[in-house]
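For reference, the structure is listed below as structure tokens.
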Amino acid sequence: MASARGSARRLFLGLDVGATKTLVLLTQGRQRVLGQQLLTTAARDGPEAVVQQLLSAIDRVLVRVEARRQDVAGVGVGFAGWCDLQGTVLAAPNMTGWRSVPLRAILEELTGVPVAVGNDANMAALAEARMGAGRGFRDLVYVTVSTGIGGGIVAGGRLLMGASGMAGEIGHLVVAPDGPRCGCGSHGCLEAMASGSAIAREAHQRLALAPGSRASPIAAQEVFEWARAGDRGAQEVITRASRFLGIGLRNVVNLLNPQAIVIGGGLSQQWKEYVEPALQVMRAAASGGDEREVQVLPAALGERSTALGAILWLQRVLRHTARS
Ligand SMILES: [Zn+2]
């Protein structure tokens, strides 16, 4: 690993804090990655435990490249929850105890450097737009499909935050008003109909009805494997989820008229079986004809997208602070 000695205040930390895993990324300048660490998030242990985890991970990454906290210009955080413009985590449905936690203020106090906090999918959208699959597009929508569904909107080259930082919640577009309850409290959100957990739940319910079925929970990945092996039930579950994804994307296209849609997340690996049929649904009904043709691209930055985006977001905040 490269040594960072002598690079006073030139280093940036990007943190991707997810309900399952946390990635800590150390870069020099915009995107030269010097070091990284992946850890299991202490999601059940409350905010204090997670913050301690982050600080230890930061120190370990710095030590490995022979850098010190004083060399760090700031910390960008992409967090798996609702974050406001002040960097407070308002809620994180899959983590215990995260209600109105002023994460930016806490980390600034503990690290002594500027910190920027945003929603993880928004941060990933920014990274894909600036240095990933969406480079060169000024109007694009990023959608990540894994256990849940998230998104981010880049309009006119800028990340759209909305009035209080909540823009881009594509996963909570309602696509089936009578559908099952979503983690957000609403019913039939895209996330409740088309995400990995929705696919797993649907397959589990179908199997529970079958005689001699297994009672244990199912992972979405298994459903795709069964579908490939020719299981009709599994194929139907995927077709249904894919159709809802298409309906959600169609709403996005009709509302925002983006040049491109970038799709990432674990389920985007199932491009042929899951994404492609959704695009057919989207294109069949997105009105307006050729002039509204949208390019759809797989995300390019993989697991680093949120951490890299958080660094870009931090750098933007630092530029604004320098100017004012
Ligand atoms: Zn929802």
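Note on naming: chains are A, B, ... as they come in the structure tokens, residues start from 1 per chain, ligands start from 1 in the order shown.
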(request) Could you give me the residues within 10 Å of ligand 1, counting only C-alpha atoms and all ligand atoms, as a PyMOL selection string? (result) chain A and resi 148-149+169-174+180-193
Would you mind exporting C-alpha atoms of the selected residues as a PDB file, in the first residue's frame?
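out.pdb, written as the output of this step:
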ATOM      1  CA  GLY A 148     -33.847  -2.429  -0.698  1.00  0.00           C
ATOM      2  CA  ILE A 149     -34.183   0.055  -3.553  1.00  0.00           C
ATOM      3  CA  GLU A 169     -36.296   8.166  -2.809  1.00  0.00           C
ATOM      4  CA  ILE A 170     -37.206   6.101  -5.837  1.00  0.00           C
ATOM      5  CA  GLY A 171     -37.701   3.015  -3.686  1.00  0.00           C
ATOM      6  CA  HIS A 172     -40.713   4.652  -2.087  1.00  0.00           C
ATOM      7  CA  LEU A 173     -42.586   5.538  -5.242  1.00  0.00           C
ATOM      8  CA  VAL A 174     -45.919   3.788  -4.810  1.00  0.00           C
ATOM      9  CA  PRO A 180     -47.739  -5.115   1.094  1.00  0.00           C
ATOM     10  CA  ARG A 181     -46.535  -2.740   3.757  1.00  0.00           C
ATOM     11  CA  CYS A 182     -43.151  -1.128   3.179  1.00  0.00           C
ATOM     12  CA  GLY A 183     -40.484  -0.385   5.801  1.00  0.00           C
ATOM     13  CA  CYS A 184     -41.384   3.315   5.473  1.00  0.00           C
ATOM     14  CA  GLY A 185     -44.946   2.680   6.680  1.00  0.00           C
ATOM     15  CA  SER A 186     -46.589   3.112   3.286  1.00  0.00           C
ATOM     16  CA  HIS A 187     -48.024   0.310   1.115  1.00  0.00           C
ATOM     17  CA  GLY A 188     -46.878  -1.021  -2.251  1.00  0.00           C
ATOM     18  CA  CYS A 189     -43.729   1.055  -2.581  1.00  0.00           C
ATOM     19  CA  LEU A 190     -41.340  -0.025  -5.348  1.00  0.00           C
ATOM     20  CA  GLU A 191     -39.054  -1.385  -2.617  1.00  0.00           C
ATOM     21  CA  ALA A 192     -41.882  -3.534  -1.239  1.00  0.00           C
ATOM     22  CA  MET A 193     -42.652  -4.917  -4.721  1.00  0.00           C
TER      23      MET A 193
END
(message) To test your reading of the structure, identify every residue in region 149-267 of chain A that backbone DSSP assigns to strand (DSSP E), and report it as a PyMOL selection string.
(response) chain A and resi 149-155+158-159+260-264
(request) Taking the chain letters and numbering used in this document, name the residues of region 31-238 of chain A that DSSP puts in helix (DSSP H, G or I), as a PyMOL selection string. (result) chain A and resi 47-64+69-71+103-111+120-131+170-172+190-194+196-209+220-228+232-238
(message) Between A:Ala219, A:Ala121, A:Ala133, A:Ala227, which residue has the minimum interatomic distance to Ala307 (chain A), considering only C-alpha atoms?
(response)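 The answer is A:Ala121, which sits nearest to Ala307 (chain A).
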(request) Just the residues within 12 Å of Arg135 (chain A), please, counting only C-alpha atoms, with nothing from its chain fewer than 6 positions along; format it as an NGL selection string. (result) :A and (125-129 or 154 or 157 or 259-262 or 297 or 299-301)
(message) Taking only C-alpha atoms into account, name the residue in A:Met166, A:Val317, A:Met161, A:Leu26 that is nearest to Ala91 (chain A).
(response) A:Met166
(message) Please list as number ranges by chain every residue within 10 Å of Gln28 (chain A), counting only C-alpha atoms and excluding residues in the same chain fewer than 2 positions away.
(response) A: 4, 7, 9-13, 26, 30-35, 72-73
(request) Have a look at A:Arg243, A:Arg316, A:Arg99, A:Arg232 and name the one nearest to Ser195 (chain A); count only C-alpha atoms. (result)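 The shortest atom-to-atom distance to Ser195 (chain A) comes from A:Arg243.
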(request) May I ask which of the residues A:Trp313, A:Met282, A:Thr306, A:Ala194 is the closest one to Val17 (chain A), counting only C-alpha atoms? (result)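 Distance minimum relative to Val17 (chain A) lands on A:Thr306.
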(message) So that I can see what lies close to Leu90 (chain A), please list as JSON, numbers by chain the residues with an atom at most 10 Å from it, counting only C-alpha atoms and leaving out residues fewer than 2 positions away in the same chain.
(response) {"A": [81, 82, 83, 84, 87, 88, 92, 93, 98, 99, 100, 101, 102, 103]}
(request) Just the residues within 12 Å of Glu108 (chain A), please, counting only C-alpha atoms, with nothing from its chain fewer than 4 positions along; format it as a ChimeraX atom specification. (result) /A:51,55,73-77,87,102-104,112-117
Put those residues in a file: N, CA and C atoms, as an mmCIF file, in the first residue's frame.
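Okay, this is what ended up in again05.cif:
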data_model
loop_
_atom_site.group_PDB
_atom_site.id
_atom_site.type_symbol
_atom_site.label_atom_id
_atom_site.label_comp_id
_atom_site.auth_asym_id
_atom_site.auth_seq_id
_atom_site.Cartn_x
_atom_site.Cartn_y
_atom_site.Cartn_z
ATOM 1 N N VAL A 51 -20.423 4.518 15.754
ATOM 2 C CA VAL A 51 -19.478 5.637 15.683
ATOM 3 C C VAL A 51 -18.094 5.191 16.155
ATOM 4 N N LEU A 55 -14.540 5.215 13.987
ATOM 5 C CA LEU A 55 -13.297 5.856 14.417
ATOM 6 C C LEU A 55 -12.136 4.869 14.432
ATOM 7 N N ALA A 73 -8.235 15.978 5.329
ATOM 8 C CA ALA A 73 -8.940 17.242 5.078
ATOM 9 C C ALA A 73 -10.399 17.167 5.511
ATOM 10 N N GLY A 74 -10.950 15.965 5.536
ATOM 11 C CA GLY A 74 -12.340 15.837 5.941
ATOM 12 C C GLY A 74 -12.849 14.418 5.734
ATOM 13 N N VAL A 75 -14.073 14.202 6.223
ATOM 14 C CA VAL A 75 -14.700 12.881 6.135
ATOM 15 C C VAL A 75 -16.063 13.030 5.459
ATOM 16 N N GLY A 76 -16.288 12.257 4.403
ATOM 17 C CA GLY A 76 -17.602 12.209 3.760
ATOM 18 C C GLY A 76 -18.274 10.902 4.131
ATOM 19 N N VAL A 77 -19.561 10.978 4.465
ATOM 20 C CA VAL A 77 -20.273 9.773 4.882
ATOM 21 C C VAL A 77 -21.524 9.571 4.031
ATOM 22 N N GLY A 87 -26.936 16.981 8.003
ATOM 23 C CA GLY A 87 -26.161 15.785 8.289
ATOM 24 C C GLY A 87 -26.649 15.016 9.505
ATOM 25 N N PRO A 102 -27.423 13.362 15.226
ATOM 26 C CA PRO A 102 -26.652 14.383 14.502
ATOM 27 C C PRO A 102 -25.246 13.866 14.143
ATOM 28 N N LEU A 103 -25.199 12.959 13.194
ATOM 29 C CA LEU A 103 -23.960 12.240 12.889
ATOM 30 C C LEU A 103 -22.834 13.178 12.448
ATOM 31 N N ARG A 104 -23.177 14.173 11.622
ATOM 32 C CA ARG A 104 -22.125 15.093 11.161
ATOM 33 C C ARG A 104 -21.480 15.803 12.356
ATOM 34 N N GLY A 112 -12.309 16.178 14.687
ATOM 35 C CA GLY A 112 -11.699 17.491 14.578
ATOM 36 C C GLY A 112 -11.547 17.985 13.137
ATOM 37 N N VAL A 113 -12.187 17.304 12.189
ATOM 38 C CA VAL A 113 -12.132 17.751 10.791
ATOM 39 C C VAL A 113 -13.554 17.915 10.255
ATOM 40 N N PRO A 114 -13.705 18.667 9.140
ATOM 41 C CA PRO A 114 -15.043 18.829 8.562
ATOM 42 C C PRO A 114 -15.624 17.494 8.101
ATOM 43 N N VAL A 115 -16.927 17.340 8.286
ATOM 44 C CA VAL A 115 -17.610 16.099 7.920
ATOM 45 C C VAL A 115 -18.857 16.460 7.112
ATOM 46 N N ALA A 116 -19.143 15.668 6.085
ATOM 47 C CA ALA A 116 -20.382 15.825 5.321
ATOM 48 C C ALA A 116 -21.109 14.483 5.326
ATOM 49 N N VAL A 117 -22.421 14.536 5.543
ATOM 50 C CA VAL A 117 -23.206 13.299 5.628
ATOM 51 C C VAL A 117 -24.368 13.365 4.650
#
(request) Have a look at A:Gly29, A:Pro258, A:Gly179, A:Gly246 and name the one nearest to Asp139 (chain A); count only C-alpha atoms. (result)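 Among A:Gly29, A:Pro258, A:Gly179, A:Gly246, it is A:Pro258 that comes nearest to Asp139 (chain A).
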(request) Measure the distance from CA of Leu160 (chain A) to CA of Leu54 (chain A) in Å and round it to one decimal. (result) 27.3 Å
